[in-house]
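K.L.:
Contents of target.txt (compact mmCIF, N, CA and C atoms) are given next:
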# COMPACT_ATOMS: atom_id res chain seq x y z
N GLN A 1 23.42 26.49 44.91
CA GLN A 1 24.70 26.47 44.21
C GLN A 1 25.28 25.06 44.28
N VAL A 2 25.49 24.47 43.13
CA VAL A 2 26.10 23.15 43.07
C VAL A 2 27.61 23.28 43.25
N GLN A 3 28.18 22.40 44.04
CA GLN A 3 29.62 22.39 44.24
C GLN A 3 30.19 21.08 43.72
N LEU A 4 31.33 21.18 43.04
CA LEU A 4 31.99 20.02 42.47
C LEU A 4 33.41 19.95 43.03
N VAL A 5 33.79 18.78 43.51
CA VAL A 5 35.12 18.60 44.08
C VAL A 5 35.78 17.41 43.41
N GLU A 6 36.87 17.67 42.71
CA GLU A 6 37.62 16.61 42.04
C GLU A 6 38.69 16.04 42.97
N SER A 7 39.04 14.79 42.72
CA SER A 7 40.13 14.15 43.46
C SER A 7 40.70 13.04 42.60
N GLY A 8 41.88 12.54 42.99
CA GLY A 8 42.47 11.40 42.32
C GLY A 8 43.63 11.70 41.40
N GLY A 9 43.94 12.98 41.22
CA GLY A 9 45.07 13.31 40.35
C GLY A 9 46.39 12.90 40.97
N GLY A 10 47.45 12.99 40.17
CA GLY A 10 48.76 12.64 40.69
C GLY A 10 49.79 12.53 39.59
N LEU A 11 50.96 12.02 39.97
CA LEU A 11 52.07 11.83 39.04
C LEU A 11 52.20 10.34 38.73
N VAL A 12 52.13 10.00 37.45
CA VAL A 12 52.25 8.61 37.03
C VAL A 12 53.19 8.53 35.83
N GLN A 13 53.55 7.31 35.47
CA GLN A 13 54.39 7.11 34.30
C GLN A 13 53.54 6.76 33.08
N ALA A 14 54.11 6.98 31.93
CA ALA A 14 53.41 6.64 30.69
C ALA A 14 53.02 5.16 30.71
N GLY A 15 51.78 4.90 30.30
CA GLY A 15 51.28 3.53 30.30
C GLY A 15 50.49 3.16 31.54
N ASP A 16 50.62 3.98 32.59
CA ASP A 16 49.91 3.71 33.84
C ASP A 16 48.44 4.11 33.72
N SER A 17 47.70 3.79 34.77
CA SER A 17 46.29 4.15 34.86
C SER A 17 46.06 5.03 36.08
N LEU A 18 44.97 5.78 36.02
CA LEU A 18 44.60 6.67 37.12
C LEU A 18 43.09 6.86 37.07
N ARG A 19 42.46 6.97 38.23
CA ARG A 19 41.02 7.21 38.25
C ARG A 19 40.73 8.51 38.99
N LEU A 20 40.05 9.39 38.30
CA LEU A 20 39.61 10.64 38.90
C LEU A 20 38.17 10.51 39.38
N SER A 21 37.87 11.23 40.44
CA SER A 21 36.51 11.27 40.98
C SER A 21 36.06 12.72 41.08
N CYS A 22 34.76 12.91 40.98
CA CYS A 22 34.19 14.25 41.15
C CYS A 22 32.87 14.09 41.90
N ALA A 23 32.83 14.66 43.09
CA ALA A 23 31.63 14.58 43.92
C ALA A 23 30.86 15.89 43.82
N ALA A 24 29.56 15.77 43.54
CA ALA A 24 28.70 16.94 43.46
C ALA A 24 27.86 17.05 44.72
N SER A 25 27.68 18.27 45.19
CA SER A 25 26.84 18.51 46.36
C SER A 25 26.00 19.76 46.11
N GLY A 26 24.97 19.91 46.97
CA GLY A 26 24.06 21.03 46.79
C GLY A 26 22.80 20.58 46.06
N PRO A 27 22.11 21.51 45.39
CA PRO A 27 20.86 21.19 44.69
C PRO A 27 21.11 20.48 43.37
N THR A 28 21.32 19.16 43.43
CA THR A 28 21.65 18.39 42.24
C THR A 28 20.44 17.68 41.64
N PHE A 29 19.22 18.00 42.09
CA PHE A 29 18.03 17.27 41.67
C PHE A 29 17.78 17.35 40.17
N ASN A 30 18.26 18.43 39.53
CA ASN A 30 18.04 18.57 38.09
C ASN A 30 19.34 18.42 37.30
N MET A 31 20.22 17.53 37.80
CA MET A 31 21.46 17.27 37.08
C MET A 31 21.13 16.63 35.73
N TYR A 32 21.65 17.16 34.66
CA TYR A 32 21.39 16.64 33.33
C TYR A 32 22.57 15.82 32.81
N ALA A 33 23.77 16.29 33.06
CA ALA A 33 24.96 15.60 32.60
C ALA A 33 26.18 16.12 33.36
N MET A 34 27.23 15.34 33.33
CA MET A 34 28.51 15.80 33.87
C MET A 34 29.59 15.50 32.87
N GLY A 35 30.60 16.31 32.88
CA GLY A 35 31.68 16.12 31.91
C GLY A 35 33.03 16.41 32.52
N TRP A 36 34.05 15.98 31.80
CA TRP A 36 35.43 16.27 32.17
C TRP A 36 36.08 17.07 31.05
N PHE A 37 36.79 18.09 31.46
CA PHE A 37 37.60 18.89 30.56
C PHE A 37 39.02 18.89 31.12
N ARG A 38 39.99 19.27 30.30
CA ARG A 38 41.37 19.36 30.78
C ARG A 38 42.07 20.54 30.14
N GLN A 39 43.03 21.07 30.87
CA GLN A 39 43.78 22.22 30.38
C GLN A 39 45.26 22.02 30.65
N ALA A 40 46.02 21.93 29.57
CA ALA A 40 47.47 21.82 29.67
C ALA A 40 48.08 23.21 29.75
N PRO A 41 49.29 23.33 30.28
CA PRO A 41 49.92 24.65 30.41
C PRO A 41 50.01 25.37 29.07
N GLY A 42 49.54 26.61 29.05
CA GLY A 42 49.61 27.41 27.84
C GLY A 42 48.58 27.08 26.79
N LYS A 43 47.66 26.19 27.10
CA LYS A 43 46.66 25.79 26.10
C LYS A 43 45.25 26.05 26.61
N GLU A 44 44.29 25.98 25.71
CA GLU A 44 42.90 26.16 26.08
C GLU A 44 42.37 24.90 26.77
N ARG A 45 41.26 25.08 27.47
CA ARG A 45 40.62 23.94 28.11
C ARG A 45 39.91 23.11 27.05
N ASP A 46 40.18 21.81 27.05
CA ASP A 46 39.63 20.92 26.04
C ASP A 46 38.66 19.91 26.64
N TYR A 47 37.69 19.54 25.85
CA TYR A 47 36.70 18.54 26.23
C TYR A 47 37.35 17.16 26.28
N VAL A 48 36.96 16.35 27.26
CA VAL A 48 37.47 14.98 27.38
C VAL A 48 36.35 13.96 27.24
N ALA A 49 35.32 14.09 28.08
CA ALA A 49 34.25 13.10 28.07
C ALA A 49 33.03 13.66 28.81
N ALA A 50 31.88 13.06 28.56
CA ALA A 50 30.65 13.47 29.24
C ALA A 50 29.73 12.28 29.41
N ILE A 51 28.81 12.39 30.36
CA ILE A 51 27.85 11.32 30.61
C ILE A 51 26.50 11.94 30.96
N ARG A 52 25.46 11.44 30.35
CA ARG A 52 24.11 11.88 30.70
C ARG A 52 23.71 11.27 32.04
N TRP A 53 23.14 12.08 32.92
CA TRP A 53 22.81 11.60 34.25
C TRP A 53 21.69 10.57 34.20
N SER A 54 20.73 10.74 33.30
CA SER A 54 19.65 9.78 33.15
C SER A 54 19.95 8.90 31.94
N GLY A 55 20.15 7.64 32.20
CA GLY A 55 20.44 6.71 31.11
C GLY A 55 21.90 6.36 30.98
N GLY A 56 22.78 7.28 31.37
CA GLY A 56 24.21 6.96 31.39
C GLY A 56 24.91 6.93 30.04
N THR A 57 24.30 7.52 29.01
CA THR A 57 24.98 7.55 27.71
C THR A 57 26.28 8.34 27.84
N THR A 58 27.34 7.80 27.24
CA THR A 58 28.66 8.43 27.36
C THR A 58 29.15 8.96 26.02
N TYR A 59 30.02 9.95 26.10
CA TYR A 59 30.58 10.61 24.93
C TYR A 59 32.05 10.89 25.20
N TYR A 60 32.87 10.80 24.15
CA TYR A 60 34.30 10.97 24.33
C TYR A 60 34.91 11.82 23.23
N ALA A 61 35.97 12.53 23.59
CA ALA A 61 36.80 13.18 22.59
C ALA A 61 37.61 12.10 21.88
N ALA A 62 37.91 12.33 20.63
CA ALA A 62 38.64 11.34 19.84
C ALA A 62 40.00 11.00 20.46
N SER A 63 40.60 11.97 21.11
CA SER A 63 41.94 11.78 21.66
C SER A 63 41.98 10.80 22.83
N VAL A 64 40.84 10.53 23.45
CA VAL A 64 40.83 9.64 24.61
C VAL A 64 39.94 8.42 24.42
N ARG A 65 39.21 8.39 23.33
CA ARG A 65 38.29 7.26 23.10
C ARG A 65 39.08 5.97 23.03
N GLY A 66 38.62 4.96 23.78
CA GLY A 66 39.31 3.67 23.83
C GLY A 66 40.31 3.57 24.97
N ARG A 67 40.68 4.72 25.56
CA ARG A 67 41.61 4.70 26.70
C ARG A 67 40.94 5.16 27.99
N PHE A 68 40.04 6.12 27.89
CA PHE A 68 39.37 6.67 29.07
C PHE A 68 37.94 6.14 29.15
N ILE A 69 37.45 5.99 30.36
CA ILE A 69 36.08 5.57 30.57
C ILE A 69 35.44 6.49 31.61
N ILE A 70 34.31 7.11 31.24
CA ILE A 70 33.57 7.94 32.18
C ILE A 70 32.40 7.12 32.71
N SER A 71 32.15 7.23 34.00
CA SER A 71 31.03 6.52 34.62
C SER A 71 30.48 7.38 35.75
N ALA A 72 29.31 6.97 36.25
CA ALA A 72 28.68 7.77 37.29
C ALA A 72 27.99 6.87 38.30
N ASP A 73 27.97 7.32 39.53
CA ASP A 73 27.19 6.70 40.60
C ASP A 73 26.16 7.73 41.02
N ASN A 74 24.94 7.59 40.47
CA ASN A 74 23.93 8.61 40.72
C ASN A 74 23.59 8.73 42.20
N ALA A 75 23.59 7.61 42.91
CA ALA A 75 23.24 7.63 44.33
C ALA A 75 24.24 8.45 45.13
N LYS A 76 25.49 8.47 44.67
CA LYS A 76 26.54 9.21 45.38
C LYS A 76 26.80 10.57 44.75
N ASN A 77 26.06 10.88 43.68
CA ASN A 77 26.29 12.15 42.96
C ASN A 77 27.75 12.31 42.59
N THR A 78 28.33 11.22 42.10
CA THR A 78 29.75 11.21 41.79
C THR A 78 29.98 10.70 40.37
N VAL A 79 30.88 11.35 39.67
CA VAL A 79 31.28 10.92 38.35
C VAL A 79 32.76 10.55 38.40
N TYR A 80 33.13 9.55 37.60
CA TYR A 80 34.50 9.05 37.60
C TYR A 80 35.09 9.14 36.19
N LEU A 81 36.39 9.22 36.13
CA LEU A 81 37.09 9.15 34.87
C LEU A 81 38.25 8.17 35.04
N GLN A 82 38.07 6.97 34.48
CA GLN A 82 39.13 5.97 34.50
C GLN A 82 40.03 6.23 33.31
N MET A 83 41.29 6.50 33.58
CA MET A 83 42.24 6.84 32.52
C MET A 83 43.28 5.74 32.42
N ASN A 84 43.30 5.07 31.28
CA ASN A 84 44.24 3.97 31.04
C ASN A 84 45.23 4.34 29.95
N SER A 85 46.32 3.60 29.91
CA SER A 85 47.34 3.83 28.88
C SER A 85 47.69 5.31 28.77
N LEU A 86 47.97 5.91 29.89
CA LEU A 86 48.23 7.35 29.91
C LEU A 86 49.48 7.71 29.12
N LYS A 87 49.42 8.87 28.51
CA LYS A 87 50.52 9.39 27.69
C LYS A 87 50.97 10.73 28.26
N PRO A 88 52.21 11.13 27.99
CA PRO A 88 52.66 12.44 28.47
C PRO A 88 51.75 13.58 28.02
N GLU A 89 51.16 13.45 26.85
CA GLU A 89 50.27 14.52 26.35
C GLU A 89 48.94 14.57 27.09
N ASP A 90 48.69 13.62 27.98
CA ASP A 90 47.50 13.69 28.84
C ASP A 90 47.74 14.58 30.05
N THR A 91 48.96 15.03 30.23
CA THR A 91 49.28 15.90 31.35
C THR A 91 48.48 17.19 31.28
N ALA A 92 47.75 17.49 32.35
CA ALA A 92 46.87 18.67 32.37
C ALA A 92 46.20 18.76 33.73
N VAL A 93 45.54 19.87 33.95
CA VAL A 93 44.61 19.99 35.07
C VAL A 93 43.26 19.52 34.55
N TYR A 94 42.66 18.59 35.25
CA TYR A 94 41.39 18.02 34.83
C TYR A 94 40.25 18.64 35.67
N TYR A 95 39.24 19.12 34.95
CA TYR A 95 38.11 19.80 35.58
C TYR A 95 36.83 18.99 35.38
N CYS A 96 36.07 18.88 36.43
CA CYS A 96 34.75 18.29 36.38
C CYS A 96 33.73 19.41 36.19
N GLU A 97 32.73 19.20 35.31
CA GLU A 97 31.75 20.24 35.05
C GLU A 97 30.35 19.62 34.98
N ALA A 98 29.34 20.42 35.30
CA ALA A 98 27.98 19.91 35.37
C ALA A 98 27.02 20.74 34.53
N VAL A 99 26.09 20.03 33.91
CA VAL A 99 24.99 20.66 33.17
C VAL A 99 23.73 20.45 33.97
N MET A 100 23.04 21.52 34.27
CA MET A 100 21.81 21.44 35.06
C MET A 100 20.63 21.82 34.18
N GLY A 101 19.47 21.14 34.42
CA GLY A 101 18.27 21.51 33.68
C GLY A 101 17.68 20.33 32.93
N THR A 102 16.70 20.63 32.09
CA THR A 102 15.99 19.61 31.31
C THR A 102 16.15 19.89 29.84
N TYR A 103 16.76 18.98 29.12
CA TYR A 103 17.03 19.19 27.69
C TYR A 103 16.58 18.01 26.83
N GLY A 104 15.92 17.01 27.42
CA GLY A 104 15.46 15.88 26.64
C GLY A 104 16.60 14.96 26.25
N ARG A 105 16.29 14.05 25.33
CA ARG A 105 17.27 13.05 24.92
C ARG A 105 17.97 13.39 23.62
N GLY A 106 17.65 14.53 23.07
CA GLY A 106 18.23 14.91 21.80
C GLY A 106 19.68 15.33 21.94
N PRO A 107 20.29 15.75 20.85
CA PRO A 107 21.70 16.15 20.88
C PRO A 107 21.94 17.33 21.82
N TYR A 108 23.08 17.29 22.46
CA TYR A 108 23.50 18.38 23.34
C TYR A 108 24.99 18.58 23.12
N PRO A 109 25.44 19.84 23.08
CA PRO A 109 26.86 20.10 22.80
C PRO A 109 27.76 19.87 24.02
N PHE A 110 27.90 18.60 24.40
CA PHE A 110 28.72 18.29 25.58
C PHE A 110 30.17 18.69 25.39
N TYR A 111 30.61 18.83 24.14
CA TYR A 111 31.99 19.18 23.85
C TYR A 111 32.26 20.66 24.07
N ASP A 112 31.20 21.46 24.23
CA ASP A 112 31.32 22.90 24.36
C ASP A 112 31.18 23.31 25.82
N GLU A 113 32.24 23.87 26.37
CA GLU A 113 32.22 24.25 27.78
C GLU A 113 31.15 25.30 28.08
N MET A 114 30.73 26.03 27.09
CA MET A 114 29.68 27.03 27.30
C MET A 114 28.36 26.40 27.71
N GLY A 115 28.20 25.10 27.47
CA GLY A 115 26.96 24.42 27.82
C GLY A 115 26.91 23.92 29.25
N TYR A 116 27.95 24.18 30.01
CA TYR A 116 28.03 23.72 31.39
C TYR A 116 27.77 24.88 32.35
N HIS A 117 27.23 24.56 33.52
CA HIS A 117 26.84 25.59 34.46
C HIS A 117 27.72 25.67 35.70
N TYR A 118 28.35 24.58 36.06
CA TYR A 118 29.20 24.57 37.25
C TYR A 118 30.48 23.80 36.93
N TRP A 119 31.54 24.12 37.63
CA TRP A 119 32.80 23.40 37.46
C TRP A 119 33.56 23.44 38.76
N GLY A 120 34.48 22.46 38.88
CA GLY A 120 35.27 22.36 40.09
C GLY A 120 36.59 23.11 39.97
N GLN A 121 37.43 22.91 40.96
CA GLN A 121 38.73 23.62 41.01
C GLN A 121 39.81 22.90 40.21
N GLY A 122 39.55 21.66 39.86
CA GLY A 122 40.51 20.92 39.06
C GLY A 122 41.45 20.07 39.87
N THR A 123 42.00 19.04 39.22
CA THR A 123 43.00 18.19 39.84
C THR A 123 44.11 17.93 38.82
N GLN A 124 45.35 18.02 39.28
CA GLN A 124 46.50 17.92 38.37
C GLN A 124 46.82 16.46 38.07
N VAL A 125 46.99 16.17 36.78
CA VAL A 125 47.46 14.87 36.34
C VAL A 125 48.75 15.09 35.56
N THR A 126 49.82 14.44 35.99
CA THR A 126 51.10 14.57 35.32
C THR A 126 51.57 13.19 34.91
N VAL A 127 51.86 13.03 33.62
CA VAL A 127 52.31 11.75 33.10
C VAL A 127 53.75 11.91 32.61
N SER A 128 54.66 11.20 33.22
CA SER A 128 56.06 11.29 32.84
C SER A 128 56.39 10.23 31.78
N SER A 129 57.34 10.55 30.94
CA SER A 129 57.71 9.63 29.85
C SER A 129 58.80 8.66 30.28
Render the structure in this file as structure tokens.

P.N.:
Amino acid sequence: QVQLVESGGGLVQAGDSLRLSCAASGPTFNMYAMGWFRQAPGKERDYVAAIRWSGGTTYYAASVRGRFIISADNAKNTVYLQMNSLKPEDTAVYYCEAVMGTYGRGPYPFYDEMGYHYWGQGTQVTVSS
């Protein structure tokens, strides 16, 4: 059972930056990708970004492209989300999720939470105006 633990959330002002971390433990030998999703109060969980574990190709939702950066430290089994120019609408609980298995280099629906196998408990990010 893979375990994911997020950290780094907090309360910041609009325009500030924040970096989230997610550490994976357990049988991670077949990690394929990791992603970040977020859920605002009363709304569905939305895709934010993803990174392929082999090669490091990154993908972003349009709402965060150019402001957020996803990266990974494979040796530490940790994925990061650097969030810059934060806006009040970025306020949400941020979840780290993992895709396990072998899927090749072709397209994968990283934007679809159904394609993920494990997720963490989430970390709250609040951006005040």

K.L.:
Would you return as a tab-separated table (two decimals) with N, CA and C atoms, keeping the file's coordinate frame the members of range 35-108 of chain A that DSSP assigns to helix (DSSP H, G or I) on this structure's backbone?

P.N.:
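Contents of states_25.tsv, freshly written:
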chain	number	residue	atom	x	y	z
A	74	ASN	N	24.94	7.59	40.47
A	74	ASN	CA	23.93	8.61	40.72
A	74	ASN	C	23.59	8.73	42.20
A	75	ALA	N	23.59	7.61	42.91
A	75	ALA	CA	23.24	7.63	44.33
A	75	ALA	C	24.24	8.45	45.13
A	76	LYS	N	25.49	8.47	44.67
A	76	LYS	CA	26.54	9.21	45.38
A	76	LYS	C	26.80	10.57	44.75
A	88	PRO	N	52.21	11.13	27.99
A	88	PRO	CA	52.66	12.44	28.47
A	88	PRO	C	51.75	13.58	28.02
A	89	GLU	N	51.16	13.45	26.85
A	89	GLU	CA	50.27	14.52	26.35
A	89	GLU	C	48.94	14.57	27.09
A	90	ASP	N	48.69	13.62	27.98
A	90	ASP	CA	47.50	13.69	28.84
A	90	ASP	C	47.74	14.58	30.05

K.L.:
The residues within 8 Å of (39.3, 7.0, 32.1), using only N, CA and C atoms and the coordinates of the file, should be reported as a PyMOL selection string; which are they?

P.N.:
chain A and resi 18-20+64+66-71+80-84

K.L.:
Selection from above, N, CA and C atoms, as a short mmCIF file (atom, residue, chain, number, x, y, z; two decimals), in the frame of the given file, can you write it?

P.N.:
data_model
loop_
_atom_site.label_atom_id
_atom_site.label_comp_id
_atom_site.auth_asym_id
_atom_site.auth_seq_id
_atom_site.Cartn_x
_atom_site.Cartn_y
_atom_site.Cartn_z
N LEU A 18 44.97 5.78 36.02
CA LEU A 18 44.60 6.67 37.12
C LEU A 18 43.09 6.86 37.07
N ARG A 19 42.46 6.97 38.23
CA ARG A 19 41.02 7.21 38.25
C ARG A 19 40.73 8.51 38.99
N LEU A 20 40.05 9.39 38.30
CA LEU A 20 39.61 10.64 38.90
C LEU A 20 38.17 10.51 39.38
N VAL A 64 40.84 10.53 23.45
CA VAL A 64 40.83 9.64 24.61
C VAL A 64 39.94 8.42 24.42
N GLY A 66 38.62 4.96 23.78
CA GLY A 66 39.31 3.67 23.83
C GLY A 66 40.31 3.57 24.97
N ARG A 67 40.68 4.72 25.56
CA ARG A 67 41.61 4.70 26.70
C ARG A 67 40.94 5.16 27.99
N PHE A 68 40.04 6.12 27.89
CA PHE A 68 39.37 6.67 29.07
C PHE A 68 37.94 6.14 29.15
N ILE A 69 37.45 5.99 30.36
CA ILE A 69 36.08 5.57 30.57
C ILE A 69 35.44 6.49 31.61
N ILE A 70 34.31 7.11 31.24
CA ILE A 70 33.57 7.94 32.18
C ILE A 70 32.40 7.12 32.71
N SER A 71 32.15 7.23 34.00
CA SER A 71 31.03 6.52 34.62
C SER A 71 30.48 7.38 35.75
N TYR A 80 33.13 9.55 37.60
CA TYR A 80 34.50 9.05 37.60
C TYR A 80 35.09 9.14 36.19
N LEU A 81 36.39 9.22 36.13
CA LEU A 81 37.09 9.15 34.87
C LEU A 81 38.25 8.17 35.04
N GLN A 82 38.07 6.97 34.48
CA GLN A 82 39.13 5.97 34.50
C GLN A 82 40.03 6.23 33.31
N MET A 83 41.29 6.50 33.58
CA MET A 83 42.24 6.84 32.52
C MET A 83 43.28 5.74 32.42
N ASN A 84 43.30 5.07 31.28
CA ASN A 84 44.24 3.97 31.04
C ASN A 84 45.23 4.34 29.95
#

K.L.:
Have a look at A:Trp36, A:Val2, A:Val79, A:Leu86 and name the one nearest to Ser21 in chain A; count all atoms listed in the file.

P.N.:
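Of A:Trp36, A:Val2, A:Val79, A:Leu86, the one nearest Ser21 in chain A is A:Val79, counting all atoms listed in the file.
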
K.L.:
Just to confirm, what's the straight-line distance from CA of Gln124 in chain A to atom N of Gly10 in chain A in Å (one decimal)?

P.N.:
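These atoms are spaced 5.3 Å apart.
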
K.L.:
Can you tell me, as a list of chain:residue names, what residues are no more than 6 Å from Met34 in chain A when counting only C-alpha atoms, ignoring any on the same chain fewer than 4 positions away?

P.N.:
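In the requested format, the answer is A:Ala50, A:Ile51, A:Glu97, A:Ala98.
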
K.L.:
Would you list the contacts of Met31 in chain A as a list of chain:residue names, taking every protein, DNA or RNA residue within 8 Å and counting only N, CA and C atoms, but skipping same-chain residues closer than 5 positions in sequence?

P.N.:
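The contact residues come out as A:Arg52, A:Trp53, A:Ser54, A:Ala98, A:Val99, A:Met100, A:Gly101, A:Thr102.
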
K.L.:
Quick check, in Å to one decimal: how far apart do CA of Asp16 in chain A and atom C of Asp112 in chain A lie?

P.N.:
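Distance between the two atoms: 28.3 Å.
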
K.L.:
Once 4 Å is added on each side, what centre and edge lengths in Å to one decimal does the axis-aligned box around all listed atoms of range 47-50 of chain A have, as JSON?

P.N.:
{"center_x": 33.7, "center_y": 15.9, "center_z": 27.6, "size_x": 16.0, "size_y": 15.3, "size_z": 11.6}

K.L.:
Go ahead and compute the interatomic distance for atom N of His117 in chain A and atom N of Lys43 in chain A, in Å to one decimal.

P.N.:
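So the answer is 21.5 Å.
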
K.L.:
I'd like the contact shell of Arg65 in chain A - 8 Å cut-off, only N, CA and C atoms, skipping same-chain residues fewer than 5 positions apart - returned as a ChimeraX atom specification.

P.N.:
/A:48,59-60

K.L.:
Which of these, A:Ser128, A:Gln39, A:Thr57, A:Gly8, has the shortest distance to Pro88 in chain A once you count only N, CA and C atoms?

P.N.:
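Of A:Ser128, A:Gln39, A:Thr57, A:Gly8, the one nearest Pro88 in chain A is A:Ser128, counting only N, CA and C atoms.
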
K.L.:
For Pro27 in chain A, which residue out of A:Glu44, A:Gly115, A:Gly15, A:Gln1 is the nearest one, using only N, CA and C atoms?

P.N.:
A:Gln1

K.L.:
Which residue out of A:Phe29, A:Tyr103, A:Phe110, A:Tyr94 has the minimum interatomic distance to Thr58 in chain A when only C-alpha atoms are used?

P.N.:
A:Phe110
